[in-house]
file protein.cif (mmCIF, C-alpha atoms)
data_model
#
loop_
_atom_site.label_atom_id
_atom_site.label_comp_id
_atom_site.auth_asym_id
_atom_site.auth_seq_id
_atom_site.Cartn_x
_atom_site.Cartn_y
_atom_site.Cartn_z
CA MET A 1 156.11 115.05 110.07
CA ASN A 2 156.15 118.29 108.08
CA PRO A 3 152.86 120.20 107.61
CA LYS A 4 151.09 120.24 104.28
CA VAL A 5 151.10 124.04 104.00
CA SER A 6 153.12 126.84 105.56
CA VAL A 7 151.20 130.13 105.62
CA ILE A 8 153.60 133.07 105.83
CA ILE A 9 152.32 136.43 107.08
CA PRO A 10 154.64 139.46 107.05
CA ALA A 11 153.29 142.18 109.31
CA TYR A 12 153.99 145.81 110.09
CA ASN A 13 151.71 147.99 112.22
CA THR A 14 148.49 146.13 111.43
CA GLU A 15 147.14 145.62 114.94
CA ALA A 16 143.59 146.33 113.75
CA TYR A 17 143.69 143.67 111.04
CA ILE A 18 146.12 140.87 111.79
CA ALA A 19 143.80 138.88 114.05
CA LYS A 20 141.40 138.31 111.14
CA ALA A 21 144.29 137.23 108.90
CA ILE A 22 145.61 134.73 111.46
CA GLU A 23 142.13 133.40 112.25
CA SER A 24 141.40 132.84 108.57
CA ALA A 25 144.57 130.74 108.28
CA LEU A 26 144.05 128.74 111.47
CA LYS A 27 140.40 128.02 110.63
CA GLN A 28 141.12 126.53 107.20
CA THR A 29 139.32 123.31 106.33
CA LEU A 30 142.82 121.98 105.63
CA THR A 31 144.12 121.71 109.19
CA ASP A 32 147.58 120.26 108.51
CA ILE A 33 149.27 123.66 108.38
CA GLU A 34 151.68 125.96 110.15
CA VAL A 35 151.28 129.73 110.29
CA ILE A 36 154.42 131.87 110.45
CA VAL A 37 154.01 135.54 111.32
CA VAL A 38 157.06 137.76 110.88
CA ASP A 39 156.59 141.08 112.64
CA ASP A 40 158.81 143.54 110.81
CA GLY A 41 159.62 146.02 113.57
CA SER A 42 156.06 147.12 114.34
CA THR A 43 155.62 150.05 116.71
CA ASP A 44 151.97 149.32 117.53
CA LYS A 45 150.41 146.24 119.17
CA THR A 46 150.75 143.87 116.22
CA ILE A 47 153.04 141.54 118.19
CA GLU A 48 150.71 141.46 121.19
CA VAL A 49 147.75 140.54 118.98
CA ALA A 50 149.71 137.77 117.24
CA ASN A 51 150.98 136.38 120.54
CA SER A 52 147.45 136.29 121.97
CA PHE A 53 146.72 133.15 119.91
CA THR A 54 147.39 129.88 121.70
CA ASP A 55 147.20 127.56 118.68
CA GLN A 56 150.42 125.54 118.57
CA ARG A 57 150.49 125.75 114.78
CA LEU A 58 151.29 129.47 115.02
CA LYS A 59 154.88 130.73 115.19
CA VAL A 60 155.72 134.41 115.68
CA ILE A 61 159.11 135.75 114.58
CA ILE A 62 160.09 139.28 115.57
CA ASN A 63 162.41 141.58 113.62
CA GLN A 64 163.81 144.18 115.96
CA GLN A 65 163.96 146.69 113.10
CA ASN A 66 161.98 147.17 109.91
CA LEU A 67 163.72 145.25 107.12
CA GLY A 68 161.04 145.51 104.45
CA VAL A 69 158.43 143.17 103.05
CA SER A 70 160.82 141.09 100.93
CA ALA A 71 163.20 140.44 103.81
CA ALA A 72 160.31 139.60 106.14
CA ARG A 73 158.88 137.10 103.68
CA ASN A 74 162.31 135.54 103.13
CA ILE A 75 162.71 135.03 106.86
CA ALA A 76 159.37 133.21 106.87
CA LEU A 77 160.30 131.18 103.78
CA ARG A 78 163.51 129.96 105.43
CA ALA A 79 161.60 128.95 108.56
CA ALA A 80 158.82 127.19 106.63
CA GLU A 81 158.64 123.39 106.65
CA GLY A 82 155.44 122.80 104.68
CA GLU A 83 155.13 121.05 101.36
CA TRP A 84 153.42 124.17 100.04
CA ILE A 85 153.97 127.87 100.77
CA ALA A 86 150.98 130.21 100.95
CA VAL A 87 151.46 133.97 101.31
CA LEU A 88 148.94 136.06 103.25
CA ASP A 89 149.23 139.80 103.83
CA SER A 90 148.46 140.81 107.38
CA ASP A 91 145.39 142.88 106.52
CA ASP A 92 143.89 140.34 104.10
CA TRP A 93 142.20 137.00 104.77
CA TYR A 94 141.37 133.65 103.22
CA ALA A 95 138.04 131.98 102.57
CA HIS A 96 137.89 128.94 104.89
CA GLU A 97 138.30 126.39 102.10
CA ARG A 98 141.05 128.20 100.14
CA LEU A 99 144.04 126.03 100.98
CA GLU A 100 142.19 122.74 100.69
CA LYS A 101 140.80 123.70 97.26
CA LEU A 102 144.08 125.02 95.86
CA VAL A 103 146.32 122.24 97.14
CA LEU A 104 143.96 119.58 95.79
CA LEU A 105 143.91 121.25 92.37
CA ALA A 106 147.67 121.78 92.45
CA GLU A 107 148.25 118.10 93.03
CA GLU A 108 145.76 117.12 90.32
CA THR A 109 147.49 119.36 87.75
CA ASN A 110 151.05 118.70 88.95
CA ALA A 111 151.45 122.44 89.53
CA ASP A 112 154.48 124.19 90.97
CA MET A 113 152.39 127.25 91.75
CA ILE A 114 148.66 127.89 91.70
CA ALA A 115 146.64 131.08 92.15
CA ASP A 116 142.98 131.85 92.57
CA ASP A 117 140.92 134.87 91.62
CA ILE A 118 140.94 137.68 94.21
CA TYR A 119 138.05 139.43 95.91
CA PHE A 120 138.57 143.20 96.18
CA ILE A 121 136.98 144.60 99.31
CA LYS A 122 137.10 148.12 100.73
CA ASP A 123 138.25 148.60 104.30
CA GLY A 124 135.16 148.48 106.49
CA ALA A 125 132.92 146.97 103.81
CA THR A 126 130.99 143.75 104.40
CA SER A 127 131.17 142.40 100.86
CA PRO A 128 133.60 142.61 97.92
CA TRP A 129 132.99 145.11 95.14
CA SER A 130 134.71 143.11 92.40
CA THR A 131 137.37 140.51 91.61
CA LEU A 132 140.67 140.54 89.75
CA ILE A 133 139.33 138.57 86.79
CA GLN A 134 136.15 140.67 86.55
CA GLU A 135 138.22 143.87 86.42
CA SER A 136 140.59 142.40 83.83
CA GLY A 137 137.99 141.96 81.12
CA GLU A 138 139.33 138.46 80.48
CA ASN A 139 136.83 135.63 80.00
CA ILE A 140 138.22 132.89 82.25
CA ASP A 141 135.76 130.25 83.41
CA LYS A 142 138.05 127.25 83.84
CA ILE A 143 141.51 126.46 85.16
CA ILE A 144 144.18 127.72 82.78
CA GLN A 145 147.96 127.39 82.70
CA ILE A 146 149.95 130.62 82.75
CA ASP A 147 153.17 130.93 80.75
CA PRO A 148 155.71 133.73 81.31
CA VAL A 149 154.87 135.61 78.09
CA TYR A 150 151.14 135.70 78.88
CA PHE A 151 151.95 136.68 82.47
CA VAL A 152 153.90 139.73 81.27
CA GLU A 153 151.64 140.68 78.35
CA THR A 154 148.56 140.85 80.60
CA ASP A 155 150.30 142.89 83.31
CA VAL A 156 151.17 146.16 81.57
CA TYR A 157 151.32 149.38 83.58
CA GLY A 158 148.28 151.60 83.10
CA GLN A 159 146.55 149.18 80.73
CA ALA A 160 143.63 146.82 81.18
CA GLY A 161 144.61 143.22 81.72
CA LEU A 162 144.75 140.33 84.12
CA HIS A 163 147.57 141.74 86.29
CA LEU A 164 148.50 138.44 87.92
CA GLY A 165 151.30 140.24 89.72
CA LEU A 166 148.54 141.11 92.17
CA SER A 167 147.69 137.47 92.82
CA LYS A 168 148.87 135.40 95.77
CA PRO A 169 149.91 131.98 94.41
CA VAL A 170 150.54 128.93 96.54
CA PHE A 171 154.05 127.62 95.79
CA LYS A 172 155.56 124.15 95.97
CA ARG A 173 158.37 124.62 98.49
CA GLU A 174 160.50 121.94 96.84
CA PHE A 175 160.51 123.98 93.63
CA LEU A 176 161.54 127.19 95.43
CA VAL A 177 164.35 125.38 97.23
CA LYS A 178 165.56 123.57 94.09
CA TYR A 179 166.08 126.83 92.22
CA GLY A 180 167.04 128.97 95.22
CA ILE A 181 164.09 131.28 94.65
CA GLU A 182 163.43 133.98 97.23
CA TYR A 183 162.11 137.52 97.21
CA ASP A 184 164.58 140.10 95.88
CA GLU A 185 165.42 142.25 98.90
CA THR A 186 166.83 145.00 96.66
CA VAL A 187 163.37 145.52 95.18
CA SER A 188 160.94 147.45 97.37
CA ILE A 189 158.06 147.39 94.92
CA ALA A 190 156.29 144.70 92.83
CA GLU A 191 158.20 141.98 94.68
CA ASP A 192 155.38 139.45 94.14
CA PHE A 193 155.51 139.99 90.37
CA TRP A 194 159.25 139.35 90.22
CA LEU A 195 159.10 136.27 92.44
CA ASP A 196 156.48 134.82 90.12
CA MET A 197 158.70 135.66 87.15
CA LYS A 198 161.66 133.87 88.73
CA CYS A 199 159.50 130.78 89.06
CA LEU A 200 158.18 130.99 85.51
CA ILE A 201 161.56 131.38 83.79
CA ASN A 202 162.75 128.34 85.74
CA GLY A 203 159.95 126.31 84.22
CA ALA A 204 157.28 126.46 86.92
CA ARG A 205 153.89 125.02 85.99
CA PHE A 206 151.58 127.89 87.01
CA PHE A 207 147.80 127.45 87.03
CA LEU A 208 145.04 129.98 87.61
CA VAL A 209 141.73 128.98 89.21
CA PRO A 210 138.80 131.26 88.26
CA GLU A 211 137.14 131.01 91.68
CA PRO A 212 138.15 133.67 94.27
CA TYR A 213 139.21 132.52 97.74
CA TYR A 214 141.48 135.43 98.73
CA PHE A 215 140.09 138.68 100.19
CA TYR A 216 142.22 141.70 99.28
CA ARG A 217 141.50 144.63 101.58
CA SER A 218 141.94 148.12 100.15
CA ARG A 219 143.28 150.62 102.68
CA SER A 220 144.13 154.30 102.42
CA ILE A 221 147.91 153.71 102.72
CA SER A 222 148.19 152.16 99.28
CA LEU A 223 151.02 152.88 96.87
CA VAL A 224 148.97 155.43 94.99
CA ARG A 225 149.89 157.85 97.78
CA GLN A 226 153.61 157.23 97.41
CA SER A 227 155.99 158.87 94.96
CA GLN A 228 154.98 158.10 91.40
CA LEU A 229 158.46 158.99 90.15
CA SER A 230 160.07 156.62 92.63
CA ARG A 231 157.72 153.80 91.64
CA LEU A 232 158.31 154.25 87.93
CA ASN A 233 162.08 154.46 88.34
CA GLN A 234 162.04 151.21 90.30
CA TYR A 235 159.82 149.54 87.70
CA CYS A 236 162.27 150.54 84.97
CA LEU A 237 165.33 149.36 86.87
CA ALA A 238 163.78 146.05 87.90
CA THR A 239 162.52 145.30 84.39
CA TYR A 240 165.85 146.15 82.77
CA SER A 241 167.72 144.04 85.31
CA PHE A 242 165.45 141.05 84.73
CA MET A 243 165.92 141.33 80.98
CA GLN A 244 169.64 140.68 81.43
CA GLN A 245 169.07 137.14 82.70
CA LYS A 246 170.12 134.36 80.34
CA ALA A 247 166.78 132.55 80.56
CA VAL A 248 165.06 135.71 79.33
CA GLU A 249 167.60 136.37 76.58
CA LYS A 250 166.93 132.86 75.25
CA ASN A 251 163.18 133.52 75.02
CA PRO A 252 162.56 136.10 72.24
CA ALA A 253 158.82 136.35 72.91
CA LEU A 254 159.41 137.04 76.60
CA MET A 255 162.13 139.56 75.77
CA ARG A 256 159.69 141.40 73.47
CA ALA A 257 157.01 141.42 76.15
CA LEU A 258 159.38 142.79 78.78
CA SER A 259 160.80 145.32 76.30
CA TYR A 260 157.28 146.58 75.65
CA ASN A 261 156.63 146.89 79.40
CA LEU A 262 159.89 148.78 79.83
CA ALA A 263 158.94 151.18 77.03
CA VAL A 264 155.57 151.79 78.72
CA PHE A 265 157.29 152.46 82.05
CA LYS A 266 159.71 154.91 80.40
CA LYS A 267 156.89 156.75 78.63
CA ASN A 268 154.95 157.10 81.87
CA LEU A 269 158.12 158.19 83.69
CA ALA A 270 158.74 160.95 81.14
CA TYR A 271 155.13 162.08 81.55
CA ALA A 272 155.33 162.02 85.35
CA GLN A 273 158.58 163.99 85.35
CA VAL A 274 156.57 166.90 83.95
CA LEU A 275 153.29 166.38 85.77
CA VAL A 276 154.69 165.89 89.28
CA PRO A 277 156.53 169.26 89.43
CA ILE A 278 153.46 170.98 87.92
CA LYS A 279 151.35 169.62 90.79
CA LYS A 280 153.95 170.91 93.24
CA GLY A 281 154.09 174.34 91.60
CA GLU A 282 157.72 173.81 90.58
CA TRP A 283 157.32 175.52 87.23
CA LEU A 284 160.98 175.85 86.25
CA THR A 285 161.53 172.13 86.80
CA ALA A 286 158.39 171.39 84.81
CA LEU A 287 159.53 173.58 81.91
CA ARG A 288 162.92 171.87 81.83
CA GLU A 289 161.22 168.49 81.68
CA ILE A 290 158.82 169.66 78.93
CA ARG A 291 161.84 170.61 76.82
CA LYS A 292 163.10 167.04 77.25
CA ASN A 293 159.63 165.65 76.53
CA PRO A 294 158.00 167.85 73.84
CA GLY A 295 155.24 165.27 73.39
CA PHE A 296 153.92 165.93 76.90
CA PHE A 297 150.92 168.05 75.83
CA TYR A 298 149.80 165.51 73.23
CA ASP A 299 150.18 162.78 75.84
CA PHE A 300 148.22 164.83 78.39
CA ILE A 301 145.33 165.46 75.98
CA SER A 302 145.20 161.79 75.03
CA ARG A 303 144.93 160.87 78.72
CA LEU A 304 142.38 163.53 79.67
CA SER A 305 139.22 161.45 79.27
CA THR A 306 140.79 158.61 81.29
CA LEU A 307 141.86 161.04 84.03
CA MET A 308 138.31 162.45 84.24
CA GLU A 309 136.81 158.96 84.40
CA ARG A 310 139.17 157.92 87.22
CA ARG A 311 138.23 160.96 89.29
CA PHE A 312 134.53 160.35 88.70
CA GLN A 313 134.91 156.74 89.80
CA TYR A 314 136.97 157.70 92.86
CA TYR A 315 135.12 160.77 94.15
CA VAL A 316 131.55 160.14 92.94
CA MET A 317 131.21 156.36 92.75
CA GLY A 318 133.46 155.65 95.73
CA ASN A 319 135.73 153.23 93.84
CA LYS A 320 138.84 153.62 96.00
CA LEU A 321 140.84 151.15 93.91
CA VAL A 322 140.45 152.91 90.58
CA PHE A 323 143.89 154.55 90.70
CA GLU A 324 145.66 151.42 91.86
CA MET A 325 144.05 149.25 89.20
CA SER A 326 144.65 151.77 86.44
CA TYR A 327 148.31 152.06 87.37
CA ASN A 328 148.75 148.28 87.67
CA LEU A 329 149.91 148.46 91.26
CA GLN A 330 150.08 145.60 93.71
CA LEU A 331 147.68 147.33 96.04
CA LYS A 332 149.66 146.52 99.14
CA ARG A 333 153.08 145.51 97.87
CA ARG A 334 154.69 147.47 100.66
CA LYS A 335 152.18 147.00 103.45
CA THR A 336 154.87 145.65 105.77
CA ASN A 337 157.28 148.53 105.11
#

call {"tool": "encode", "arguments": {"input": "protein.cif", "output": "structure tokens"}}
result
Amino acid sequence: MNPKVSVIIPAYNTEAYIAKAIESALKQTLTDIEVIVVDDGSTDKTIEVANSFTDQRLKVIINQQNLGVSAARNIALRAAEGEWIAVLDSDDWYAHERLEKLVLLAEETNADMIADDIYFIKDGATSPWSTLIQESGENIDKIIQIDPVYFVETDVYGQAGLHLGLSKPVFKREFLVKYGIEYDETVSIAEDFWLDMKCLINGARFFLVPEPYYFYRSRSISLVRQSQLSRLNQYCLATYSFMQQKAVEKNPALMRALSYNLAVFKKNLAYAQVLVPIKKGEWLTALREIRKNPGFFYDFISRLSTLMERRFQYYVMGNKLVFEMSYNLQLKRRKTN
């Protein structure tokens, strides 16, 4: 008989964290589960830690080379046999009752996917500093259904909002199989956001639970330290590509929401194309980009107070997530890369 839930854990060089992730899955109050760890070519002792567990519900799959987070998750999806699919990053963990609570609510609401609020916790801290909903400014105190337009409109780069692309929904496997939905292996950033979008444009009933049961660990290797230009270029390409799909073209409101997001990405890309070379001391490149973007100085002045506030929060208040949240990043979208 197939398990109720398949927990999939992609992992790459997280030997210090993965034991807690696996334990949190195996110790769920819902015991009818399987846990599938896909080690994506780790060079540390991640595999040894995973293999140290003797619980028969745990399966470890080893990629001999690093394929990326999307490929690792797809391998786990194809191996999964559960009625529901739950994603867990290898340096995060679940509250003990998470799966039982979410599956029960999913069945009551006839959901195809269901997400909870997220605890944000700093690496090494003993308690969370905030949650996704608290940081969003949204007043959500009951279960709500999420439609694709709302999903996009509240997840705009650099702007306050719900940013459900950061969430970790539990998916009905039958729905994913029916529509052939997997992670896009050509996308190396924001892959959770685009998987959710694939589900939504195929008619998925998506519900959000205001209680947090997922612990999202913030580590120093977050995307904020990776190339901003590369990120923004990928955001633009992925958004434009998604807008070409027929289901999107038939939904004017969704097309407008995505078009707005694309415009925001392009504006930030133009700004970054000047700012990045300035930070590197590449003045000729910066001057060339300023000529292409004469509104740079106005844009810079308009952002100055926000930039100062971010640095105050980061360096003085110790809020290590301030840059990630302000840039609407999935804090660990490439943790397995």

call {"tool": "closest_residue", "arguments": {"input": "protein.cif", "among": "A:Leu229, A:Val248, A:Ile118, A:Val264", "to": "Gln159 of chain A", "atoms": "all atoms listed in the file"}}
result
A:Val264

call {"tool": "atom_distance", "arguments": {"input": "protein.cif", "atom1": "atom CA of Asp44 of chain A", "atom2": "atom CA of Ile62 of chain A"}}
result
13.1 Å

call {"tool": "closest_residue", "arguments": {"input": "protein.cif", "among": "A:Ala16, A:Leu287, A:Leu237, A:Leu232", "to": "Gly158 of chain A", "atoms": "only C-alpha atoms"}}
result
A:Leu232

call {"tool": "atom_distance", "arguments": {"input": "protein.cif", "atom1": "atom CA of Val274 of chain A", "atom2": "atom CA of Gly295 of chain A"}}
result
10.8 Å

call {"tool": "atom_distance", "arguments": {"input": "protein.cif", "atom1": "atom CA of Leu88 of chain A", "atom2": "atom CA of Val152 of chain A"}}
result
22.8 Å

call {"tool": "resolve_selection", "arguments": {"input": "protein.cif", "expression": "the PyMOL selection byres ((chain A and resi 72) around 12)", "output": "number ranges by chain"}}
result
A: 8-12, 36-42, 60-71, 73-79, 87, 89-90, 182-185, 188, 191, 334-337

call {"tool": "residues_around", "arguments": {"input": "protein.cif", "residues": "Met197 of chain A", "least_positions_apart": "5", "cutoff": "12 Å", "atoms": "only C-alpha atoms", "output": "PyMOL selection string"}}
result
chain A and resi 113+146-152+155+164-165+169+181-184+190-192+202-206+238-239+242-243+245+247-248+254+258

call {"tool": "closest_residue", "arguments": {"input": "protein.cif", "among": "A:Glu211, A:Lys178, A:Ile47, A:Arg217", "to": "Thr126 of chain A", "atoms": "all atoms listed in the file"}}
result
A:Arg217

call {"tool": "residues_near_point", "arguments": {"input": "protein.cif", "point": "(132.8, 138.8, 92.0)", "cutoff": "10 Å", "atoms": "all atoms listed in the file", "output": "VMD selection string"}}
result
chain A and resid 117 to 120 127 to 135 211 to 212

call {"tool": "resolve_selection", "arguments": {"input": "protein.cif", "expression": "the PyMOL selection byres ((chain A and resi 104) around 12)", "output": "count of residues only"}}
result
21

call {"tool": "resolve_selection", "arguments": {"input": "protein.cif", "expression": "the PyMOL selection byres ((chain A and resi 288-294) around 10)", "output": "MDAnalysis selection string"}}
result
chainID A and resid 267 270:275 277 283:287 295:299

call {"tool": "closest_residue", "arguments": {"input": "protein.cif", "among": "A:Asp112, A:Asp141, A:Glu153, A:Glu48", "to": "Tyr179 of chain A", "atoms": "all atoms listed in the file"}}
result
A:Asp112

call {"tool": "closest_residue", "arguments": {"input": "protein.cif", "among": "A:Gln56, A:Ser24, A:Thr29, A:Asn139", "to": "Pro210 of chain A", "atoms": "all atoms listed in the file"}}
result
A:Asn139

call {"tool": "closest_residue", "arguments": {"input": "protein.cif", "among": "A:Ser227, A:Lys279, A:Val7, A:Ile201", "to": "Lys246 of chain A", "atoms": "only C-alpha atoms"}}
result
A:Ile201
